[in-house]
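Have a look at query_6.txt; it's compact mmCIF, C-alpha atoms:
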# COMPACT_ATOMS: atom_id res chain seq x y z
CA MET A 246 -41.02 0.89 -10.08
CA ASP A 247 -42.53 -2.06 -11.87
CA GLU A 248 -46.21 -2.27 -10.99
CA ARG A 249 -46.93 -5.60 -12.61
CA PRO A 250 -48.51 -8.13 -10.26
CA GLU A 251 -46.26 -10.93 -9.16
CA GLU A 252 -48.39 -13.61 -10.82
CA ARG A 253 -47.87 -11.96 -14.17
CA LEU A 254 -44.13 -11.66 -13.64
CA VAL A 255 -43.95 -15.31 -12.66
CA GLU A 256 -45.90 -16.32 -15.75
CA GLU A 257 -43.62 -14.29 -17.98
CA ALA A 258 -40.55 -15.73 -16.26
CA ARG A 259 -41.94 -19.21 -16.79
CA ARG A 260 -42.05 -18.48 -20.50
CA GLY A 261 -38.39 -17.45 -20.40
CA GLY A 262 -38.80 -13.76 -19.70
CA ARG A 263 -35.51 -12.71 -18.20
CA GLU A 264 -36.65 -9.16 -17.62
CA ALA A 265 -39.64 -10.38 -15.61
CA PHE A 266 -37.38 -12.67 -13.61
CA ALA A 267 -35.00 -9.77 -12.95
CA GLU A 268 -37.93 -7.89 -11.42
CA LEU A 269 -38.72 -10.93 -9.25
CA VAL A 270 -35.09 -10.93 -8.13
CA ARG A 271 -35.41 -7.27 -7.17
CA ARG A 272 -38.52 -7.96 -5.15
CA HIS A 273 -37.17 -10.96 -3.25
CA GLU A 274 -33.41 -10.48 -3.06
CA ARG A 275 -33.36 -9.05 0.44
CA ARG A 276 -35.41 -11.87 1.90
CA VAL A 277 -33.40 -14.53 0.11
CA PHE A 278 -30.19 -12.84 1.17
CA GLY A 279 -31.45 -12.77 4.76
CA VAL A 280 -32.01 -16.52 4.81
CA ALA A 281 -28.66 -17.08 3.12
CA LEU A 282 -26.89 -14.84 5.63
CA ARG A 283 -28.45 -16.63 8.58
CA MET A 284 -27.59 -20.01 7.15
CA ALA A 285 -24.10 -19.25 5.87
CA GLY A 286 -23.11 -17.02 8.78
CA ASN A 287 -21.07 -14.55 6.77
CA ARG A 288 -21.59 -12.02 3.99
CA PRO A 289 -19.35 -13.42 1.25
CA ASP A 290 -20.87 -16.91 1.49
CA ALA A 291 -24.36 -15.42 1.78
CA ASP A 292 -23.70 -13.47 -1.41
CA ASP A 293 -22.67 -16.62 -3.29
CA LEU A 294 -25.54 -18.55 -1.79
CA ALA A 295 -28.18 -15.96 -2.69
CA GLN A 296 -26.92 -15.88 -6.27
CA GLU A 297 -27.07 -19.65 -6.39
CA VAL A 298 -30.65 -19.55 -5.11
CA PHE A 299 -31.75 -17.24 -7.91
CA LEU A 300 -29.88 -19.20 -10.56
CA THR A 301 -31.56 -22.36 -9.33
CA ALA A 302 -34.91 -20.57 -9.32
CA TRP A 303 -34.36 -19.38 -12.89
CA LYS A 304 -33.61 -22.90 -14.05
CA ALA A 305 -36.63 -24.29 -12.24
CA VAL A 306 -39.17 -21.51 -12.73
CA GLY A 307 -40.55 -23.29 -15.80
CA SER A 308 -41.73 -26.08 -13.53
CA PHE A 309 -43.32 -23.72 -10.99
CA ARG A 310 -47.02 -24.53 -11.11
CA GLY A 311 -48.29 -22.05 -8.56
CA GLY A 312 -49.14 -24.67 -5.95
CA SER A 313 -47.73 -22.25 -3.39
CA THR A 314 -46.87 -18.59 -3.47
CA PHE A 315 -43.75 -17.67 -5.38
CA SER A 316 -42.10 -16.44 -2.18
CA THR A 317 -42.79 -19.74 -0.43
CA TRP A 318 -41.31 -21.57 -3.40
CA LEU A 319 -38.29 -19.27 -3.36
CA TYR A 320 -37.79 -19.69 0.38
CA ARG A 321 -37.87 -23.44 -0.12
CA ILE A 322 -35.14 -23.18 -2.72
CA ALA A 323 -33.19 -20.89 -0.42
CA VAL A 324 -33.38 -23.32 2.51
CA ASN A 325 -32.59 -26.38 0.42
CA THR A 326 -29.76 -24.65 -1.38
CA SER A 327 -28.40 -23.45 1.95
CA LEU A 328 -28.48 -26.92 3.45
CA THR A 329 -26.73 -28.33 0.40
CA PHE A 330 -24.26 -25.48 0.48
CA LEU A 331 -23.43 -26.14 4.10
CA LYS A 332 -22.95 -29.82 3.49
CA ARG A 333 -20.77 -29.14 0.51
CA ARG A 334 -18.52 -26.77 2.34
CA GLY A 335 -18.31 -29.02 5.31
CA ARG A 336 -19.40 -26.19 7.52
CA GLU A 337 -21.68 -28.36 9.55
CA ARG A 338 -18.97 -30.94 10.14
CA ASN A 339 -16.57 -28.29 11.29
CA ARG A 340 -19.15 -26.43 13.31
CA MET A 341 -18.63 -26.66 16.99
CA PRO A 342 -21.39 -28.91 18.30
CA PHE A 343 -24.01 -27.13 20.30
CA ASP A 344 -23.67 -27.91 23.95
CA GLU A 345 -25.74 -25.95 26.36
CA ASN A 346 -23.35 -26.93 29.14
CA LEU A 347 -20.36 -25.76 27.19
CA PRO A 348 -18.56 -23.10 29.21
CA VAL A 349 -18.47 -19.88 27.32
CA ALA A 350 -16.29 -16.93 27.96
CA GLY A 351 -18.38 -15.31 30.64
CA PRO A 352 -18.75 -11.66 31.31
CA GLY A 353 -16.83 -9.98 34.05
CA ARG A 354 -18.16 -9.83 37.60
CA GLY A 355 -20.54 -7.14 38.65
CA ARG A 356 -23.35 -5.35 36.86
CA PRO A 357 -21.99 -3.04 34.20
CA THR A 358 -23.19 0.50 33.88
CA GLY A 359 -22.83 3.20 31.26
CA PRO A 360 -20.44 2.37 28.42
CA GLU A 361 -19.74 -0.96 30.03
CA ALA A 362 -23.42 -1.84 29.82
CA ALA A 363 -23.48 -0.89 26.16
CA SER A 364 -20.47 -3.03 25.62
CA SER A 365 -22.20 -5.94 27.35
CA LEU A 366 -25.23 -5.46 25.15
CA ASN A 367 -23.03 -5.56 22.08
CA GLU A 368 -21.41 -8.65 23.42
CA LEU A 369 -24.79 -10.23 24.00
CA THR A 370 -25.73 -9.42 20.43
CA ALA A 371 -22.52 -10.92 19.13
CA ARG A 372 -22.88 -13.98 21.32
CA ALA A 373 -26.51 -14.41 20.33
CA GLY A 374 -25.53 -14.35 16.66
CA GLN A 375 -22.87 -16.97 17.33
CA ALA A 376 -25.31 -19.08 19.32
CA VAL A 377 -27.88 -19.02 16.53
CA ALA A 378 -25.15 -19.86 14.03
CA ALA A 379 -24.26 -22.86 16.20
CA LEU A 380 -27.80 -24.22 16.15
CA PRO A 381 -28.36 -27.38 14.11
CA ALA A 382 -29.03 -26.44 10.50
CA HIS A 383 -32.73 -27.34 10.47
CA PHE A 384 -33.32 -25.41 13.68
CA ARG A 385 -31.47 -22.47 12.20
CA ALA A 386 -33.53 -22.61 9.03
CA THR A 387 -36.72 -22.62 11.08
CA PHE A 388 -35.42 -19.76 13.21
CA ALA A 389 -34.51 -17.80 10.08
CA LEU A 390 -37.98 -18.19 8.60
CA VAL A 391 -39.98 -17.51 11.76
CA VAL A 392 -37.88 -14.92 13.56
CA ASP A 393 -35.95 -13.20 10.77
CA GLN A 394 -38.52 -13.41 8.00
CA GLY A 395 -41.61 -13.22 10.19
CA LEU A 396 -43.34 -16.23 8.67
CA SER A 397 -46.14 -17.88 10.60
CA HIS A 398 -45.66 -21.45 11.73
CA ALA A 399 -47.98 -22.57 8.95
CA GLU A 400 -46.00 -20.67 6.31
CA ALA A 401 -42.69 -21.94 7.64
CA ALA A 402 -44.09 -25.47 7.64
CA GLY A 403 -45.02 -24.99 3.97
CA VAL A 404 -41.49 -23.92 3.14
CA LEU A 405 -39.80 -26.64 5.17
CA GLY A 406 -42.19 -29.38 4.14
CA CYS A 407 -43.06 -30.34 7.70
CA SER A 408 -45.98 -29.92 10.07
CA GLU A 409 -46.76 -26.82 12.10
CA ASN A 410 -46.15 -28.86 15.22
CA THR A 411 -42.62 -29.59 14.01
CA VAL A 412 -42.01 -25.89 13.45
CA SER A 413 -43.41 -25.14 16.90
CA TRP A 414 -41.24 -27.80 18.52
CA ARG A 415 -38.09 -26.67 16.71
CA MET A 416 -38.66 -23.08 17.77
CA HIS A 417 -39.23 -24.11 21.38
CA LYS A 418 -36.11 -26.28 21.36
CA ALA A 419 -34.00 -23.61 19.63
CA ARG A 420 -35.05 -21.02 22.21
CA LYS A 421 -34.26 -23.35 25.08
CA LEU A 422 -30.81 -24.01 23.63
CA LEU A 423 -30.14 -20.32 23.09
CA GLN A 424 -31.38 -19.39 26.54
CA ALA A 425 -29.13 -21.98 28.16
CA ARG A 426 -26.16 -20.91 26.09
CA LEU A 427 -26.61 -17.20 26.65
CA LYS A 428 -27.73 -17.25 30.26
CA PRO A 429 -24.47 -15.82 31.66
CA PHE A 430 -24.69 -12.85 29.31
CA LEU A 431 -28.38 -12.34 29.96
CA GLU A 432 -27.71 -12.08 33.67
CA GLU A 433 -24.90 -9.64 33.05
CA VAL A 434 -26.96 -7.27 30.92
CA ARG A 435 -30.12 -7.49 32.96
CA MET B 175 -50.30 -25.79 34.28
CA ARG B 176 -46.79 -27.02 34.91
CA CYS B 177 -43.75 -24.90 34.05
CA GLY B 178 -42.64 -27.30 31.29
CA ALA B 179 -45.95 -27.04 29.47
CA ALA B 180 -46.07 -23.30 30.01
CA ARG B 181 -42.57 -22.81 28.54
CA ARG B 182 -43.42 -25.00 25.59
CA ARG B 183 -46.39 -22.74 24.90
CA LEU B 184 -44.47 -19.53 25.58
CA SER B 185 -42.47 -20.13 22.42
CA ASP B 186 -45.70 -20.32 20.42
CA GLU B 187 -46.99 -17.25 22.22
CA ILE B 188 -43.93 -15.21 21.22
CA ASP B 189 -44.40 -16.32 17.60
CA GLY B 190 -48.09 -15.42 17.69
CA ALA B 191 -48.93 -19.06 17.11
CA LEU B 192 -50.60 -19.84 20.41
CA ARG B 193 -54.10 -21.23 20.01
CA PRO B 194 -56.71 -18.91 21.52
CA GLY B 195 -57.93 -21.58 23.91
CA ARG B 196 -54.46 -21.93 25.45
CA LYS B 197 -53.64 -18.29 25.85
CA ALA B 198 -55.63 -17.81 29.05
CA GLY B 199 -53.95 -20.79 30.69
CA VAL B 200 -50.46 -19.50 29.85
CA GLU B 201 -51.27 -16.02 31.10
CA ALA B 202 -52.68 -17.44 34.32
CA HIS B 203 -49.48 -19.46 34.85
CA LEU B 204 -47.26 -16.44 34.21
CA ARG B 205 -49.14 -14.44 36.85
CA VAL B 206 -48.23 -16.92 39.53
CA CYS B 207 -44.79 -18.15 38.30
CA PRO B 208 -41.92 -15.65 38.47
CA ALA B 209 -39.47 -18.18 36.99
CA CYS B 210 -41.52 -18.58 33.83
CA ARG B 211 -42.02 -14.82 33.65
CA ALA B 212 -38.24 -14.44 33.79
CA TYR B 213 -37.81 -17.16 31.22
CA ARG B 214 -40.18 -15.40 28.86
CA GLY B 215 -38.27 -12.14 29.36
CA GLU B 216 -35.02 -13.88 28.48
CA LEU B 217 -36.49 -15.35 25.33
CA VAL B 218 -37.66 -11.94 24.20
CA ARG B 219 -34.25 -10.43 24.87
CA ILE B 220 -32.47 -13.23 23.09
CA GLN B 221 -34.71 -12.76 20.10
CA ALA B 222 -33.96 -9.07 20.04
CA ALA B 223 -30.25 -9.68 20.42
CA ALA B 224 -30.20 -12.42 17.80
CA ALA B 225 -32.05 -10.33 15.24
CA LEU B 226 -30.44 -10.69 11.89
CA PRO B 227 -28.22 -7.75 11.15
CA ALA B 228 -29.78 -5.60 8.50
CA VAL B 229 -29.02 -6.99 5.09
CA PRO B 230 -26.75 -4.77 3.05
CA ALA B 231 -28.53 -1.50 2.55
CA PRO B 232 -26.58 0.38 -0.09
CA ASP B 233 -28.32 0.38 -3.41
CA GLU B 234 -24.95 -0.18 -5.05
CA PHE B 235 -24.78 -3.59 -3.40
CA TRP B 236 -28.15 -4.62 -4.78
CA ASP B 237 -27.47 -3.13 -8.19
CA SER B 238 -24.30 -5.15 -8.30
CA PHE B 239 -26.08 -8.25 -7.01
CA GLU B 240 -28.85 -7.98 -9.61
CA ASP B 241 -26.32 -7.37 -12.35
CA LEU B 242 -24.30 -10.40 -11.28
CA VAL B 243 -27.37 -12.65 -11.20
CA SER B 244 -28.47 -11.40 -14.63
CA ARG B 245 -25.03 -11.95 -16.09
CA LYS B 246 -24.82 -15.44 -14.65
CA ILE B 247 -28.23 -16.29 -16.04
CA ALA B 248 -27.24 -14.92 -19.43
CA ALA B 249 -23.94 -16.80 -19.31
CA GLY B 250 -25.77 -19.97 -18.37
CA GLU B 251 -28.18 -19.52 -21.25
CA ALA B 252 -25.36 -18.77 -23.65
CA GLY B 253 -23.43 -21.77 -22.40
CA ARG B 254 -26.47 -23.93 -22.82
CA ALA B 255 -26.97 -22.60 -26.34
CA SER B 256 -23.32 -23.01 -27.27
CA VAL B 257 -23.44 -26.58 -26.08
CA ALA B 258 -26.81 -27.26 -27.61
CA VAL B 259 -26.21 -25.78 -31.03
CA PRO B 260 -23.37 -28.03 -32.18
CA PHE B 261 -25.25 -31.09 -31.07
CA ALA B 262 -28.41 -29.82 -32.72
CA SER B 263 -26.43 -29.09 -35.83
CA ARG B 264 -24.91 -32.54 -35.75
CA ARG B 265 -28.30 -34.06 -35.21
CA ARG B 266 -29.68 -32.11 -38.14
CA SER B 267 -26.77 -33.26 -40.30
CA ALA B 268 -27.32 -36.85 -39.24
CA TRP B 269 -31.01 -36.63 -40.06
CA ALA B 270 -30.25 -35.03 -43.42
CA ALA B 271 -27.72 -37.74 -44.25
CA ALA B 272 -30.18 -40.44 -43.20
CA ALA B 273 -32.93 -38.88 -45.29
CA ALA B 274 -30.62 -38.61 -48.28
CA ALA B 275 -29.61 -42.26 -47.87
CA VAL B 276 -33.25 -43.36 -47.70
CA LEU B 277 -34.13 -41.33 -50.78
CA ALA B 278 -31.16 -42.75 -52.66
CA GLY B 279 -32.18 -46.25 -51.63
CA VAL B 280 -35.74 -45.71 -52.78
CA ALA B 281 -34.56 -44.32 -56.12
CA LEU B 282 -32.13 -47.19 -56.65
CA GLY B 283 -34.79 -49.72 -55.72
CA TYR B 284 -37.19 -48.14 -58.16
CA VAL B 285 -34.63 -48.26 -60.94
CA LEU B 286 -33.68 -51.87 -60.22
CA LEU B 287 -37.09 -53.30 -59.43
CA ARG B 288 -39.38 -51.44 -61.77
CA PRO B 289 -41.07 -53.63 -64.45
CA GLY B 290 -38.65 -54.06 -67.29
CA PRO B 291 -39.43 -53.27 -70.95
CA PRO B 292 -40.73 -56.03 -73.22
CA ALA B 293 -38.15 -58.75 -73.85
CA THR B 294 -38.05 -58.10 -77.60
CA GLU B 295 -36.92 -54.57 -77.03
CA ALA B 296 -34.30 -55.55 -74.51
CA TRP B 297 -33.07 -58.63 -76.42
CA VAL B 298 -29.52 -58.32 -77.43
CA PRO B 299 -27.96 -61.06 -79.54
CA TYR B 300 -25.48 -63.09 -77.55
CA GLY B 301 -26.66 -61.42 -74.38
CA ASP B 302 -26.84 -64.85 -72.74
CA PRO B 303 -23.70 -66.96 -72.82
CA LEU B 304 -25.76 -69.91 -74.04
CA ASP B 305 -27.02 -67.89 -76.97
CA GLY B 306 -23.59 -67.83 -78.52
CA LEU B 307 -23.18 -71.55 -78.00
CA ILE B 308 -26.55 -72.30 -79.61
CA PHE B 309 -25.82 -70.12 -82.63
CA ALA B 310 -22.42 -71.78 -83.02
CA ALA B 311 -24.05 -75.20 -82.69
CA GLU B 312 -26.39 -74.40 -85.55
CA ALA B 313 -23.40 -73.99 -87.78
CA ASP B 314 -21.48 -76.97 -86.42
CA PRO B 315 -23.39 -80.32 -86.38
CA GLU B 316 -20.78 -81.97 -84.19
CA LEU B 317 -20.97 -79.19 -81.67
CA ALA B 318 -24.77 -79.32 -81.85
CA GLY B 319 -24.69 -83.03 -80.99
CA ARG B 320 -22.44 -82.46 -78.00
CA VAL B 321 -24.60 -79.61 -76.77
CA GLU B 322 -27.78 -81.64 -77.03
CA LYS B 323 -26.11 -84.53 -75.24
CA GLU B 324 -25.08 -82.23 -72.42
CA ILE B 325 -28.59 -80.81 -72.24
CA ARG B 326 -30.16 -84.26 -72.04
CA VAL B 327 -27.71 -85.32 -69.34
CA SER B 328 -28.67 -82.22 -67.37
CA ILE B 329 -32.37 -82.98 -67.81
CA ASP B 330 -31.90 -86.61 -66.80
CA GLU B 331 -30.14 -85.49 -63.65
CA LEU B 332 -33.14 -83.38 -62.78
CA LEU B 333 -35.73 -86.06 -63.51
CA PRO B 334 -36.87 -88.57 -60.91
CA ALA B 335 -35.69 -92.14 -61.26
CA PRO B 336 -37.81 -94.05 -63.88
CA GLU B 337 -39.06 -96.69 -61.46
CA GLU B 338 -40.60 -94.05 -59.28
CA THR B 339 -42.61 -92.42 -62.06
CA GLU B 340 -45.00 -93.32 -64.79
CA GLY B 341 -44.04 -93.04 -68.43
CA ALA B 342 -46.52 -90.28 -69.29
CA VAL B 343 -45.15 -88.04 -66.60
CA VAL B 344 -41.62 -88.62 -67.85
CA PHE B 345 -42.64 -87.66 -71.32
CA ALA B 346 -44.51 -84.60 -70.19
CA ALA B 347 -41.53 -83.55 -68.07
CA ASP B 348 -39.20 -83.72 -71.04
CA PRO B 349 -39.47 -80.37 -72.82
CA PHE B 350 -37.77 -81.75 -75.87
CA PHE B 351 -40.21 -84.68 -76.19
CA TRP B 352 -42.99 -82.69 -77.79
CA GLU B 353 -40.69 -80.52 -79.87
CA GLY B 354 -39.19 -83.70 -81.31
CA LEU B 355 -42.51 -84.97 -82.75
CA SER B 356 -43.76 -84.25 -86.24
CA GLU B 357 -47.16 -82.72 -86.93
CA ASP B 358 -48.60 -86.11 -87.91
CA GLU B 359 -47.34 -87.75 -84.73
CA LEU B 360 -48.84 -84.97 -82.65
CA GLN B 361 -52.19 -85.36 -84.41
CA ALA B 362 -52.12 -89.11 -83.77
CA ILE B 363 -51.41 -88.60 -80.06
CA VAL B 364 -54.22 -86.03 -79.74
CA ALA B 365 -56.67 -88.41 -81.42
CA ALA B 366 -55.62 -91.27 -79.10
CA LEU B 367 -56.05 -89.12 -76.02
CA GLU B 368 -59.51 -87.97 -77.10
CA THR B 369 -60.59 -91.56 -77.71
CA GLU B 370 -59.24 -92.55 -74.25
CA SER B 371 -61.03 -89.80 -72.46
CA GLY B 372 -64.31 -90.25 -74.36
CA HIS B 373 -64.06 -86.93 -76.09
CA GLY B 374 -62.94 -88.35 -79.39
CA GLY B 375 -66.31 -88.77 -81.04
CA PRO B 376 -67.28 -91.62 -83.30
CA GLN B 377 -64.46 -93.95 -84.41

The structure given in the file should be rewritten as structure tokens.
Amino acid sequence: MDERPEERLVEEARRGGREAFAELVRRHERRVFGVALRMAGNRPDADDLAQEVFLTAWKAVGSFRGGSTFSTWLYRIAVNTSLTFLKRRGRERNRMPFDENLPVAGPGRGRPTGPEAASSLNELTARAGQAVAALPAHFRATFALVVDQGLSHAEAAGVLGCSENTVSWRMHKARKLLQARLKPFLEEVR
Amino acid sequence: MRCGAARRRLSDEIDGALRPGRKAGVEAHLRVCPACRAYRGELVRIQAAAALPAVPAPDEFWDSFEDLVSRKIAAGEAGRASVAVPFASRRRSAWAAAAAAVLAGVALGYVLLRPGPPATEAWVPYGDPLDGLIFAAEADPELAGRVEKEIRVSIDELLPAPEETEGAVVFAADPFFWEGLSEDELQAIVAALETESGHGGPQ
């Protein structure tokens, strides 16, 4: 386990230290991969995306001046790279537009019990993942940072380059959309 | 507090971003509003259900991921170097060629423009085409006459028209005028000039 403080690793990486950068990759890969997975929606694309994030970071680390924490800087690259990635692949164009009134395949009638309840819970989980994936990209990025990564509104605002109020509003709006979309399943599992 | 405002703040409350001064108001609303309590419950459940599936856990995955990133970085660096080196090499060659050309130019300029040796050392008989003609003219009076005539014609062409100049200037401008005078004639002219200018002393 490398005990060197992150600042030192960053400084060494800035001077071209590949070994120091490899340690930074080890420390941040799971978080970056998490953002990539939420944004891309599938493992293979998330894998490519996370690699691209670190390659971009390696190319740009020389210009990192420490105005923010390294993780904030890396998250910013991850979000921006993800948004570019999605545009490039046309995922957002092909994505089914989010419509809270859109009829979704509803659960069967009656309150499930036992294995059926477990199945409903799994279905809710699957549907929730789909619903988050269908959120507009900026909402999804905010959701990924706040819910998945546990960033505060202030930290997420720093990553996204917006105000805390914007983060707060996006989270409120995203939750309302998800609640409307998933309401039939929520009632079923209750 | 209305339900709309309460729900707007519930999102902040779930994220731990609710300002302390607003917390009491939200809690008071929830106590009296079952719909907003239900709404909050749904949000919490959605958040739990939408939790990101655990990122790949096996160490092999991350070992492979780190290896792939390292190899891509190394490949990128190598690619950059392989692209940069030929250009750098070409640039170095160009600079070397330019430097060599400048040095050669300076050396050539020095050779060509440096002060030459005294004329006597460099004089070579018949080095000037006219030299041969003059030597031949010395041995051939007829040729000498023709050469002098040509020289005088050339000088006349260079001189201003007589009406535009004074006689003294014409004489002074004729290089052969003085050479054509004997020593006695020169002495007589010098004496006349001194008398004219008041420097001639007693008559």

Given only C-alpha atoms, how would the per-residue table for chain B near chain A read, listing every residue at most 7 Å away with its closest atom pair and distance in Å to one decimal, sorted by chain and number, as JSON lines?
{"residue": "B:Arg182", "atom": "CA", "partner": "A:His417", "partner_atom": "CA", "distance": 6.0}
{"residue": "B:Ser185", "atom": "CA", "partner": "A:His417", "partner_atom": "CA", "distance": 5.2}
{"residue": "B:Asp186", "atom": "CA", "partner": "A:Ser413", "partner_atom": "CA", "distance": 6.4}
{"residue": "B:Ala191", "atom": "CA", "partner": "A:His398", "partner_atom": "CA", "distance": 6.7}
{"residue": "B:Glu216", "atom": "CA", "partner": "A:Gln424", "partner_atom": "CA", "distance": 6.9}
{"residue": "B:Leu217", "atom": "CA", "partner": "A:Gln424", "partner_atom": "CA", "distance": 6.6}
{"residue": "B:Ile220", "atom": "CA", "partner": "A:Ala373", "partner_atom": "CA", "distance": 6.7}
{"residue": "B:Ala223", "atom": "CA", "partner": "A:Thr370", "partner_atom": "CA", "distance": 4.5}
{"residue": "B:Ala224", "atom": "CA", "partner": "A:Ala373", "partner_atom": "CA", "distance": 4.9}
{"residue": "B:Ala225", "atom": "CA", "partner": "A:Asp393", "partner_atom": "CA", "distance": 6.6}
{"residue": "B:Leu226", "atom": "CA", "partner": "A:Asp393", "partner_atom": "CA", "distance": 6.2}
{"residue": "B:Val229", "atom": "CA", "partner": "A:Gly279", "partner_atom": "CA", "distance": 6.3}
{"residue": "B:Val243", "atom": "CA", "partner": "A:Gln296", "partner_atom": "CA", "distance": 5.9}
{"residue": "B:Ser244", "atom": "CA", "partner": "A:Ala267", "partner_atom": "CA", "distance": 6.9}
{"residue": "B:Ile247", "atom": "CA", "partner": "A:Leu300", "partner_atom": "CA", "distance": 6.4}

d(atom CA of B:Phe239, atom CA of A:Ala323) in Å: 15.9 Å

Work out how far apart atom CA of B:Cys177 and atom CA of B:Cys210 are and give it in Å to one decimal.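 That distance, rounded to one decimal, is 6.7 Å.
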
Atom CA of A:Arg333 to atom CA of A:Met284, distance in Å rounded to a single decimal: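 Distance reported for this atom pair: 13.2 Å.
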
Which of B:Gln361, B:Val321, B:Leu192, B:Leu242 sits closest to A:Asn410 [using all atoms listed in the file]: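 Looking at the shortest contact to A:Asn410, the residue is B:Leu192.
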
Top pick for closest residue to B:Asp189, considering B:Glu201, B:Val206, B:Val218, B:Ala274 and counting all atoms listed in the file: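 Of all the options, B:Val218 lies closest to B:Asp189.
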
Quick one: axis-aligned box around all listed atoms of stretch 178-197 of chain B, 8 Å on every side, centre and edge lengths in Å to one decimal, written as AutoDock Vina command-line options.
--center_x -50.2 --center_y -21.3 --center_z 24.2 --size_x 31.5 --size_y 28.1 --size_z 30.2

Quick one: of A:Tyr320, A:Arg310, A:Glu257, A:Ser327, who's nearest to A:Ala291, counting all atoms listed in the file? A:Ser327

Pick from A:Gly261, A:Thr387, A:Pro250, A:Thr326: nearest to A:Ser408, with all atoms listed in the file counted?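 The closest residue to A:Ser408 is A:Thr387.
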